[in-house]
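Here is the structure we will look at.
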There are 2 protein chains.
Amino acid sequence: MRKMLPGVGVFGNTPAMRCYIPILKSCGLEVVALWARTAEEARQMSDDLGIPLYTTDVDKVLLDRRVDLVVISCSPHIQAHIAAKALGIGKHVLCSLPSGPRSRDTLPMVHASRYYPRLMSLMCNGLRFLPSVVKMRRLIKESGFVGTVTVCEVNVHYCSSGVLSHKPSGRKGSSYSTTAYDWTCDEAMGGGVLNLYGGMVVDILSYVTGLRAIRVQGMVRTFVRQTERVSGIREITSDDFCSFQMELGPDGACATVTLNSQVPGPFVQEITVLGTLGRLTLRGADLYGQRYDRMKEDLLHFDPTSLKDVEALGGGGGGGTGHLHDGGDEVDSTATTLSNPHSTISTSAPTVISHKMPAPYLKGVVHMLECVRDAFQQVEEKQGWCPDPLADAATFEDCFYVQTVLDAVRTASKNRQSVKVVLTDSEPEPNPFLSTAMRRSTFSLH
Amino acid sequence: MRKMLPGVGVFGNTPAMRCYIPILKSCGLEVVALWARTAEEARQMSDDLGIPLYTTDVDKVLLDRRVDLVVISCSPHIQAHIAAKALGIGKHVLCSLPSGPRSRDTLPMVHASRYYPRLMSLMCNGLRFLPSVVKMRRLIKESGFVGTVTVCEVNVHYCSSGVLSHKPSGRKGSSYSTTAYDWTCDEAMGGGVLNLYGGMVVDILSYVTGLRAIRVQGMVRTFVRQTERVSGIREITSDDFCSFQMELGPDGACATVTLNSQVPGPFVQEITVLGTLGRLTLRGADLYGQRYDRMKEDLLHFDPTSLKDVEALGGGGGGGTGHLHDGGDEVDSTATTLSNPHSTISTSAPTVISHKMPAPYLKGVVHMLECVRDAFQQVEEKQGWCPDPLADAATFEDCFYVQTVLDAVRTASKNRQSVKVVLTDSEPEPNPFLSTAMRRSTFSLH
């Protein structure tokens with residue numbers, strides 16, 4: 001007998017959320033309640049995606065009896081609090097990256113996840129579930145395809161929609177964003193290319209290589225500070241270019257990452273892991289490899305989700321050609337809403353998803369949410385779940401590591417010197433001077 | 001009446017030199033004398049390329065009356081001294097990059113070039129003469145294609161021949177390298193990917209954007225320290241991976257450069273210059289561009305030198321497809337020698353050039369040496385030359401800037417913090433402690 005799957009409450013109206021909801025529905029997980037920051041945003045989203053209950057009150061979703069699983073993708077600076085509260089009430093939580101502007105912001109959810117180990121508390125980094133990434137990890141960690149990892153190189157290039165006024169496709173035309181200035185423009189609220197894509201990259205590198213950053217250096221820059229729609233006294237403070245380097249693990253491996261959200265052209269992501277025996281390269285959603293003893297590179301995993309399949313789900317751009325111009329179509333960022341926006345709940349498969357997510361991430365999220373469904377289906381009890389299908393997912397602990405690395409990159413860029421990555425698992429002292437003095441006095445005792 | 005072109009004396013037996021000599025000949029510049037480090041190397045090279053006079057005595061080439069132009073491409077740590085001496089004797093000089101392991105090593109040639117301004121004293125960075133690069137520069141500086149330059153991104157990937165023992169094509173099989181360990185393995189002699197390609201990149205970025213580095217940070221690494229052929233007490237000290245960032249000019253532009261000589265696959269070079277209006281990307285020898293108001297990138301300059309043309313000159317690999325796998329074929333590094341190695345001087349067009357130089361560089365060098373020929377042809381007097389055709393060439397001053405930036409990158413990597421680029425145009429104090437003391441006493445006077 002197929003069990004009743006848990007009901008889902010969603011927080012936020014980000015482009016990512018507009019991808020998650022139709023996928024959740026197609027997996028058979030009913031989305032019963034929706035929270036957004038403003039009533040207008042909530043109503044709009046509810047109309048667009050056919051969710052019966054919408055509200056601006058966090059508790060109204062959390063306390064809804066039908067809600068067993070909470071999916072969060074809103075402004076990063078409030079995600080951790082919602083996640084912690086949800087866990088406290090006994091709901092499972094899936095949370096989007098970035099989880100906060102700073103690592104200390106993620107502490108409430110990290111502590112809550114430790115306190116309620118039986119509840120699902122996972123990050124929604126779909127890339128970990130992309131078949132090419134899964135294969136990449138297996139080849140590195142089990143088959144020894146690249147030997148000992150020496151260098152990781154990552155490039156993420158895309159053209160941020162709506163930042164530059166003269167670009168053809170701004171958010172202006174989309175149906176859900178009425179304000180030009182939102183958290184993505186504000187560094188203090190968790191915006192910026194480092195937080196958005198840097199986090200994913202740091203997570204994926206630690207996932208596929210098993211190595212963690214011990215020291216970082218970097219350069220974080222904001223070039224576009226004002227646009228046609230963000231002007232006057234308002235200024236964009238979130239970074240649009242970032243280059244950072246990490247020293248990985250104890251054996252001297254390192255990584256260099258370049259993120260740029262101002263490159264005209266399609267979304268391009270390339271992740272190369274190089275070792276003593278060869279290299280593996282993830283281009284878009286496909287995996288290529290070449291060992292030193294081979295004359296040419298081989299296609300090791302072609303993503304079977306074709307261009308047409310992705311378009312059926314509404315995610316744009318094709319993977320799989322191996323060209324630089326592989327990937328999602330961030331350029332064509334106009335959101336496509338449901339054909340019948342005023343329809344009531346449609347638990348059947350979705351028709352169209354927003355074009356907002358790059359193809360590799362979208363494909364990964366589809367795989368991940370299928371695993372979430374499987375996890376719930378394998379246990380009879382309604383709220384129960386089996387961790388096995390989600391063994392590869394990023395936990396809140398992983399997320400804390402990721403945000404700590406990103407913090408270190410920001411500090412390194414500011415101080416123009418490399419910074420050690422130290423996981424400080426407690427709230428910082430409210431009085432740093434007192435704290436320093438106390439530390440000194442402790443030293444003098446020894 | 002066509003004037004008699006100057007005779008050429010060449011120093012060194014590097015792979016680059018093996019490319020220069022046939023090109024020089026095809027331009028009508030007769031190569032009359034050759035210097036190499038050992039008698040064996042000199043004899044071998046003379047046989048291979050049909051040069052009548054070979055020697056291990058620097059003066060024998062410099063003092064040869066037929067030699068008016070000296071071309072230098074040997075171990076970087078001795079290049080500057082040969083160049084300075086040649087200028088002192090009144091010979092024109094073309095010198096290869098890198099010009100030294102450290103910037104102070106280049107000072108003798110810089111000073112000599114200032115002392116003899118009438119003599120040709122240029123760096124052989126062919127990339128500056130590549131039509132795509134010339135066009136790139138014009139589009140940035142004159143047409144304002146990219147607007148104000150914000151970010152430059154550079155990637156150079158190739159598979160260094162002969163470093164990894166299990167690679168199919170080592171230098172073992174080539175005809176001219178009998179020792180496994182040479183200056184390319186030794187950081188102190190000027191080897192390493194930062195010195196070899198970093199210098200070219202720094203030079204080209206300053207050439208196309210007109211911006212110079214004011215501050216750098218970086219990470220320089222040597223992963224492969226021993227191979228089958230370099231083992232025992234010998235160790236490779238030159239870097240094989242480097243990632244560095246530069247702050248360019250006063251307006252906050254920056255550049256990130258990744259160089260990696262251990263990537264299995266063909267030679268790949270991509271240089272992107274991004275500005276407020278769009279981007280320009282040099283892939284291999286072709287130029288692509290996209291402005292923000294365009295939906296796709298355009299091929300702005302296709303290098304007309306076809307694969308076949310390059311192969312006729314012996315340079316491998318094809319440019320012009322726009323794929324990542326564009327570029328020269330460093331993989332197939334077996335040098336192809338002249339079909340008749342014992343032939344005497346052949347001033348006619350060359351048949352085959354060593355496969356050692358990546359296609360964009362090789363194509364550029366062909367253009368540059370044609371300009372050298374034109375420069376001499378435009379003036380009747382045999383030693384005279386007209387600077388106009390070579391206005392774009394890198395001078396020794398440019399080279400000093402480049403080496404200073406590379407020094408700063410090395411220091412930044414060592415100290416794990418960013419370093420200011422300061423052109424110190426004098427030999428350092430032999431006693432650094434005394435120097436510091438003196439500087440302090442000077443400060444106290446003010």
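We label chains A, B, ... in the order they appear in the structure tokens, count residues from 1 in each chain, and number ligands from 1 in the order shown.
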For B:Leu122: contacts at 10 Å, only C-alpha atoms, fewer than 2 positions along chain excluded, given as a PDB file with all heavy atoms, in the first residue's frame:
ATOM      1  N   VAL B  71      69.030  37.202 -31.584  1.00  0.00           N
ATOM      2  CA  VAL B  71      67.774  36.672 -31.050  1.00  0.00           C
ATOM      3  C   VAL B  71      68.125  35.724 -29.907  1.00  0.00           C
ATOM      4  O   VAL B  71      68.922  34.806 -30.086  1.00  0.00           O
ATOM      5  CB  VAL B  71      66.972  35.933 -32.142  1.00  0.00           C
ATOM      6  CG1 VAL B  71      65.680  35.378 -31.564  1.00  0.00           C
ATOM      7  CG2 VAL B  71      66.675  36.862 -33.303  1.00  0.00           C
ATOM      8  N   HIS B  92      71.338  44.796 -32.585  1.00  0.00           N
ATOM      9  CA  HIS B  92      69.913  44.811 -32.238  1.00  0.00           C
ATOM     10  C   HIS B  92      69.592  43.528 -31.484  1.00  0.00           C
ATOM     11  O   HIS B  92      70.203  42.495 -31.732  1.00  0.00           O
ATOM     12  CB  HIS B  92      69.055  44.880 -33.500  1.00  0.00           C
ATOM     13  CG  HIS B  92      69.355  46.069 -34.344  1.00  0.00           C
ATOM     14  ND1 HIS B  92      69.081  47.356 -33.945  1.00  0.00           N
ATOM     15  CD2 HIS B  92      69.910  46.186 -35.577  1.00  0.00           C
ATOM     16  CE1 HIS B  92      69.445  48.208 -34.887  1.00  0.00           C
ATOM     17  NE2 HIS B  92      69.961  47.519 -35.896  1.00  0.00           N
ATOM     18  N   VAL B  93      68.594  43.619 -30.579  1.00  0.00           N
ATOM     19  CA  VAL B  93      68.284  42.444 -29.757  1.00  0.00           C
ATOM     20  C   VAL B  93      66.788  42.147 -29.737  1.00  0.00           C
ATOM     21  O   VAL B  93      65.967  43.038 -29.508  1.00  0.00           O
ATOM     22  CB  VAL B  93      68.774  42.632 -28.304  1.00  0.00           C
ATOM     23  CG1 VAL B  93      68.354  41.456 -27.436  1.00  0.00           C
ATOM     24  CG2 VAL B  93      70.284  42.802 -28.261  1.00  0.00           C
ATOM     25  N   LEU B  94      66.440  40.892 -29.988  1.00  0.00           N
ATOM     26  CA  LEU B  94      65.094  40.369 -29.710  1.00  0.00           C
ATOM     27  C   LEU B  94      65.258  39.321 -28.621  1.00  0.00           C
ATOM     28  O   LEU B  94      66.034  38.382 -28.788  1.00  0.00           O
ATOM     29  CB  LEU B  94      64.498  39.699 -30.950  1.00  0.00           C
ATOM     30  CG  LEU B  94      64.060  40.586 -32.100  1.00  0.00           C
ATOM     31  CD1 LEU B  94      63.506  39.705 -33.224  1.00  0.00           C
ATOM     32  CD2 LEU B  94      63.003  41.568 -31.651  1.00  0.00           C
ATOM     33  N   CYS B  95      64.526  39.489 -27.523  1.00  0.00           N
ATOM     34  CA  CYS B  95      64.718  38.600 -26.384  1.00  0.00           C
ATOM     35  C   CYS B  95      63.402  37.913 -26.034  1.00  0.00           C
ATOM     36  O   CYS B  95      62.342  38.526 -26.052  1.00  0.00           O
ATOM     37  CB  CYS B  95      65.226  39.413 -25.197  1.00  0.00           C
ATOM     38  SG  CYS B  95      65.611  38.428 -23.766  1.00  0.00           S
ATOM     39  N   SER B  96      63.472  36.626 -25.730  1.00  0.00           N
ATOM     40  CA  SER B  96      62.261  35.878 -25.371  1.00  0.00           C
ATOM     41  C   SER B  96      61.846  36.143 -23.945  1.00  0.00           C
ATOM     42  O   SER B  96      62.675  36.411 -23.087  1.00  0.00           O
ATOM     43  CB  SER B  96      62.502  34.376 -25.512  1.00  0.00           C
ATOM     44  OG  SER B  96      62.365  33.990 -26.835  1.00  0.00           O
ATOM     45  N   SER B 113      69.219  49.046 -22.721  1.00  0.00           N
ATOM     46  CA  SER B 113      68.288  49.517 -23.749  1.00  0.00           C
ATOM     47  C   SER B 113      68.068  51.026 -23.641  1.00  0.00           C
ATOM     48  O   SER B 113      67.842  51.704 -24.636  1.00  0.00           O
ATOM     49  CB  SER B 113      66.948  48.781 -23.649  1.00  0.00           C
ATOM     50  OG  SER B 113      66.198  49.247 -22.549  1.00  0.00           O
ATOM     51  N   LEU B 119      69.221  51.357 -30.918  1.00  0.00           N
ATOM     52  CA  LEU B 119      69.231  49.928 -31.248  1.00  0.00           C
ATOM     53  C   LEU B 119      67.869  49.306 -30.935  1.00  0.00           C
ATOM     54  O   LEU B 119      67.176  49.739 -30.018  1.00  0.00           O
ATOM     55  CB  LEU B 119      70.321  49.213 -30.444  1.00  0.00           C
ATOM     56  CG  LEU B 119      71.763  49.561 -30.823  1.00  0.00           C
ATOM     57  CD1 LEU B 119      72.725  48.920 -29.834  1.00  0.00           C
ATOM     58  CD2 LEU B 119      72.077  49.084 -32.246  1.00  0.00           C
ATOM     59  N   MET B 120      67.530  48.305 -31.713  1.00  0.00           N
ATOM     60  CA  MET B 120      66.280  47.574 -31.460  1.00  0.00           C
ATOM     61  C   MET B 120      66.472  46.750 -30.187  1.00  0.00           C
ATOM     62  O   MET B 120      67.416  45.965 -30.085  1.00  0.00           O
ATOM     63  CB  MET B 120      65.979  46.659 -32.644  1.00  0.00           C
ATOM     64  CG  MET B 120      64.675  45.895 -32.529  1.00  0.00           C
ATOM     65  SD  MET B 120      64.486  44.688 -33.856  1.00  0.00           S
ATOM     66  CE  MET B 120      64.202  45.711 -35.275  1.00  0.00           C
ATOM     67  N   CYS B 124      60.178  39.256 -27.437  1.00  0.00           N
ATOM     68  CA  CYS B 124      59.558  38.448 -28.476  1.00  0.00           C
ATOM     69  C   CYS B 124      58.236  37.860 -27.969  1.00  0.00           C
ATOM     70  O   CYS B 124      58.077  36.651 -27.932  1.00  0.00           O
ATOM     71  CB  CYS B 124      60.531  37.348 -28.874  1.00  0.00           C
ATOM     72  SG  CYS B 124      60.526  37.025 -30.621  1.00  0.00           S
ATOM     73  N   ASN B 125      57.300  38.710 -27.550  1.00  0.00           N
ATOM     74  CA  ASN B 125      55.978  38.213 -27.171  1.00  0.00           C
ATOM     75  C   ASN B 125      55.066  38.322 -28.392  1.00  0.00           C
ATOM     76  O   ASN B 125      54.399  39.326 -28.608  1.00  0.00           O
ATOM     77  CB  ASN B 125      55.407  38.999 -25.994  1.00  0.00           C
ATOM     78  CG  ASN B 125      54.100  38.409 -25.494  1.00  0.00           C
ATOM     79  OD1 ASN B 125      53.631  37.388 -26.002  1.00  0.00           O
ATOM     80  ND2 ASN B 125      53.506  39.034 -24.502  1.00  0.00           N
ATOM     81  N   LEU B 390      57.082  48.102 -35.606  1.00  0.00           N
ATOM     82  CA  LEU B 390      57.237  47.396 -34.332  1.00  0.00           C
ATOM     83  C   LEU B 390      56.741  48.223 -33.151  1.00  0.00           C
ATOM     84  O   LEU B 390      57.113  47.981 -32.001  1.00  0.00           O
ATOM     85  CB  LEU B 390      58.714  47.025 -34.129  1.00  0.00           C
ATOM     86  CG  LEU B 390      59.209  45.940 -35.089  1.00  0.00           C
ATOM     87  CD1 LEU B 390      60.720  45.881 -35.120  1.00  0.00           C
ATOM     88  CD2 LEU B 390      58.638  44.587 -34.667  1.00  0.00           C
ATOM     89  N   ALA B 393      55.336  46.281 -30.238  1.00  0.00           N
ATOM     90  CA  ALA B 393      56.139  45.265 -29.553  1.00  0.00           C
ATOM     91  C   ALA B 393      56.420  45.669 -28.108  1.00  0.00           C
ATOM     92  O   ALA B 393      56.441  46.847 -27.767  1.00  0.00           O
ATOM     93  CB  ALA B 393      57.451  45.061 -30.301  1.00  0.00           C
ATOM     94  N   ALA B 394      56.619  44.657 -27.266  1.00  0.00           N
ATOM     95  CA  ALA B 394      56.959  44.902 -25.862  1.00  0.00           C
ATOM     96  C   ALA B 394      58.417  45.308 -25.770  1.00  0.00           C
ATOM     97  O   ALA B 394      59.285  44.671 -26.365  1.00  0.00           O
ATOM     98  CB  ALA B 394      56.707  43.647 -25.051  1.00  0.00           C
ATOM     99  N   THR B 395      58.677  46.382 -25.040  1.00  0.00           N
ATOM    100  CA  THR B 395      60.050  46.827 -24.842  1.00  0.00           C
ATOM    101  C   THR B 395      60.636  46.149 -23.616  1.00  0.00           C
ATOM    102  O   THR B 395      59.947  45.445 -22.882  1.00  0.00           O
ATOM    103  CB  THR B 395      60.089  48.343 -24.635  1.00  0.00           C
ATOM    104  OG1 THR B 395      59.372  48.636 -23.418  1.00  0.00           O
ATOM    105  CG2 THR B 395      59.430  49.078 -25.786  1.00  0.00           C
ATOM    106  N   PHE B 396      61.914  46.424 -23.386  1.00  0.00           N
ATOM    107  CA  PHE B 396      62.554  45.888 -22.180  1.00  0.00           C
ATOM    108  C   PHE B 396      61.939  46.508 -20.923  1.00  0.00           C
ATOM    109  O   PHE B 396      61.928  45.898 -19.857  1.00  0.00           O
ATOM    110  CB  PHE B 396      64.066  46.125 -22.225  1.00  0.00           C
ATOM    111  CG  PHE B 396      64.786  45.231 -23.212  1.00  0.00           C
ATOM    112  CD1 PHE B 396      64.092  44.342 -24.023  1.00  0.00           C
ATOM    113  CD2 PHE B 396      66.173  45.257 -23.315  1.00  0.00           C
ATOM    114  CE1 PHE B 396      64.755  43.516 -24.928  1.00  0.00           C
ATOM    115  CE2 PHE B 396      66.845  44.433 -24.206  1.00  0.00           C
ATOM    116  CZ  PHE B 396      66.131  43.564 -25.018  1.00  0.00           C
ATOM    117  N   GLU B 397      61.432  47.743 -21.054  1.00  0.00           N
ATOM    118  CA  GLU B 397      60.762  48.383 -19.910  1.00  0.00           C
ATOM    119  C   GLU B 397      59.478  47.617 -19.568  1.00  0.00           C
ATOM    120  O   GLU B 397      59.173  47.382 -18.399  1.00  0.00           O
ATOM    121  CB  GLU B 397      60.406  49.843 -20.231  1.00  0.00           C
ATOM    122  CG  GLU B 397      61.561  50.714 -20.669  1.00  0.00           C
ATOM    123  CD  GLU B 397      62.409  51.224 -19.510  1.00  0.00           C
ATOM    124  OE1 GLU B 397      62.010  51.036 -18.352  1.00  0.00           O
ATOM    125  OE2 GLU B 397      63.490  51.793 -19.788  1.00  0.00           O
ATOM    126  N   ASP B 398      58.716  47.234 -20.607  1.00  0.00           N
ATOM    127  CA  ASP B 398      57.510  46.422 -20.391  1.00  0.00           C
ATOM    128  C   ASP B 398      57.876  45.126 -19.674  1.00  0.00           C
ATOM    129  O   ASP B 398      57.188  44.665 -18.765  1.00  0.00           O
ATOM    130  CB  ASP B 398      56.847  46.071 -21.726  1.00  0.00           C
ATOM    131  CG  ASP B 398      56.295  47.296 -22.434  1.00  0.00           C
ATOM    132  OD1 ASP B 398      55.817  48.216 -21.738  1.00  0.00           O
ATOM    133  OD2 ASP B 398      56.346  47.339 -23.673  1.00  0.00           O
ATOM    134  N   CYS B 399      58.983  44.559 -20.131  1.00  0.00           N
ATOM    135  CA  CYS B 399      59.437  43.296 -19.578  1.00  0.00           C
ATOM    136  C   CYS B 399      59.802  43.444 -18.107  1.00  0.00           C
ATOM    137  O   CYS B 399      59.524  42.570 -17.288  1.00  0.00           O
ATOM    138  CB  CYS B 399      60.623  42.824 -20.397  1.00  0.00           C
ATOM    139  SG  CYS B 399      61.533  41.540 -19.640  1.00  0.00           S
TER     140      CYS B 399
END
Restrict the distance test to only C-alpha atoms, flag each residue of chain A within 7 Å of chain B, and return the flagged residues as an MDAnalysis selection string.
-> chainID A and resid 166:168 243 256 263:265 278:279 290:293 296:297 323 416:418
Exercise: stretch 132-139 of chain B partners within 10 Å, only C-alpha atoms, chain neighbours under 6 positions left out, as an mmCIF file with C-alpha atoms, in the first residue's frame:
data_model
loop_
_atom_site.group_PDB
_atom_site.id
_atom_site.type_symbol
_atom_site.label_atom_id
_atom_site.label_comp_id
_atom_site.auth_asym_id
_atom_site.auth_seq_id
_atom_site.Cartn_x
_atom_site.Cartn_y
_atom_site.Cartn_z
ATOM 1 C CA PHE B 145 33.433 47.962 -27.102
ATOM 2 C CA VAL B 146 33.491 46.819 -23.483
ATOM 3 C CA GLY B 147 33.109 50.265 -21.916
ATOM 4 C CA ILE B 204 49.046 41.063 -22.878
ATOM 5 C CA LEU B 205 46.604 42.358 -20.261
ATOM 6 C CA SER B 206 48.540 45.593 -19.888
ATOM 7 C CA TYR B 207 48.779 45.811 -23.684
ATOM 8 C CA VAL B 208 45.079 45.359 -24.466
ATOM 9 C CA THR B 209 43.620 47.247 -21.497
ATOM 10 C CA GLY B 210 46.334 49.839 -20.911
ATOM 11 C CA ILE B 271 41.506 35.589 -22.111
ATOM 12 C CA VAL B 273 38.117 41.223 -20.746
ATOM 13 C CA LEU B 280 35.701 40.289 -25.349
ATOM 14 C CA THR B 281 37.076 36.771 -25.245
ATOM 15 C CA LEU B 282 40.197 35.524 -26.968
ATOM 16 C CA ARG B 283 39.961 31.747 -27.417
ATOM 17 C CA GLY B 284 43.059 30.316 -28.967
ATOM 18 C CA ALA B 285 43.763 32.726 -31.832
ATOM 19 C CA ASP B 286 40.169 33.858 -32.368
ATOM 20 C CA LEU B 287 38.292 36.758 -30.884
ATOM 21 C CA TYR B 288 34.706 36.606 -29.647
ATOM 22 C CA GLY B 289 32.635 39.392 -28.199
ATOM 23 C CA LEU B 300 34.755 39.163 -34.175
ATOM 24 C CA HIS B 301 37.974 37.874 -35.625
ATOM 25 C CA PHE B 302 38.631 34.471 -37.049
ATOM 26 C CA ASP B 303 42.298 33.791 -37.525
ATOM 27 C CA PRO B 360 48.356 31.370 -30.877
ATOM 28 C CA GLY B 364 51.843 35.745 -33.354
ATOM 29 C CA ASP B 392 53.251 47.408 -30.715
#
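Atom CA of A:Arg118 is found 8.9 Å from atom CA of A:Trp385.
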Tell me which protein, DNA and RNA residues are within 6 Å of A:Ala39, counting only C-alpha atoms, leaving out same-chain ones fewer than 2 positions away, and put them as a tab-separated table (two decimals) with all heavy atoms, in the first residue's frame.
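In the end it all went to part.tsv:
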chain	number	residue	atom	x	y	z
A	41	GLU	N	2.99	39.55	-2.34
A	41	GLU	CA	3.85	38.49	-2.86
A	41	GLU	C	3.22	37.12	-2.62
A	41	GLU	O	3.24	36.24	-3.49
A	41	GLU	CB	5.23	38.55	-2.21
A	41	GLU	CG	6.12	39.67	-2.73
A	41	GLU	CD	7.41	39.84	-1.94
A	41	GLU	OE1	7.64	39.04	-1.00
A	41	GLU	OE2	8.17	40.76	-2.24
A	42	ALA	N	2.67	36.95	-1.43
A	42	ALA	CA	2.07	35.67	-1.07
A	42	ALA	C	0.87	35.36	-1.96
A	42	ALA	O	0.74	34.24	-2.49
A	42	ALA	CB	1.65	35.69	0.40
A	56	THR	N	1.39	35.75	5.63
A	56	THR	CA	2.66	36.42	5.94
A	56	THR	C	3.06	36.12	7.39
A	56	THR	O	4.00	36.69	7.90
A	56	THR	CB	2.55	37.95	5.77
A	56	THR	OG1	1.48	38.42	6.61
A	56	THR	CG2	2.26	38.32	4.33
For atom CA of A:Ile51 and atom CA of A:Leu34, the interatomic separation in Å (one decimal) |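 Separation between atom CA of A:Ile51 and atom CA of A:Leu34: 6.9 Å.
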Quick one: DSSP strand (DSSP E or B) residues in stretch 24-197 of chain B, as number ranges by chain?
-> B: 31-35, 53-55, 67-72, 92-95, 121-123, 149-157, 159
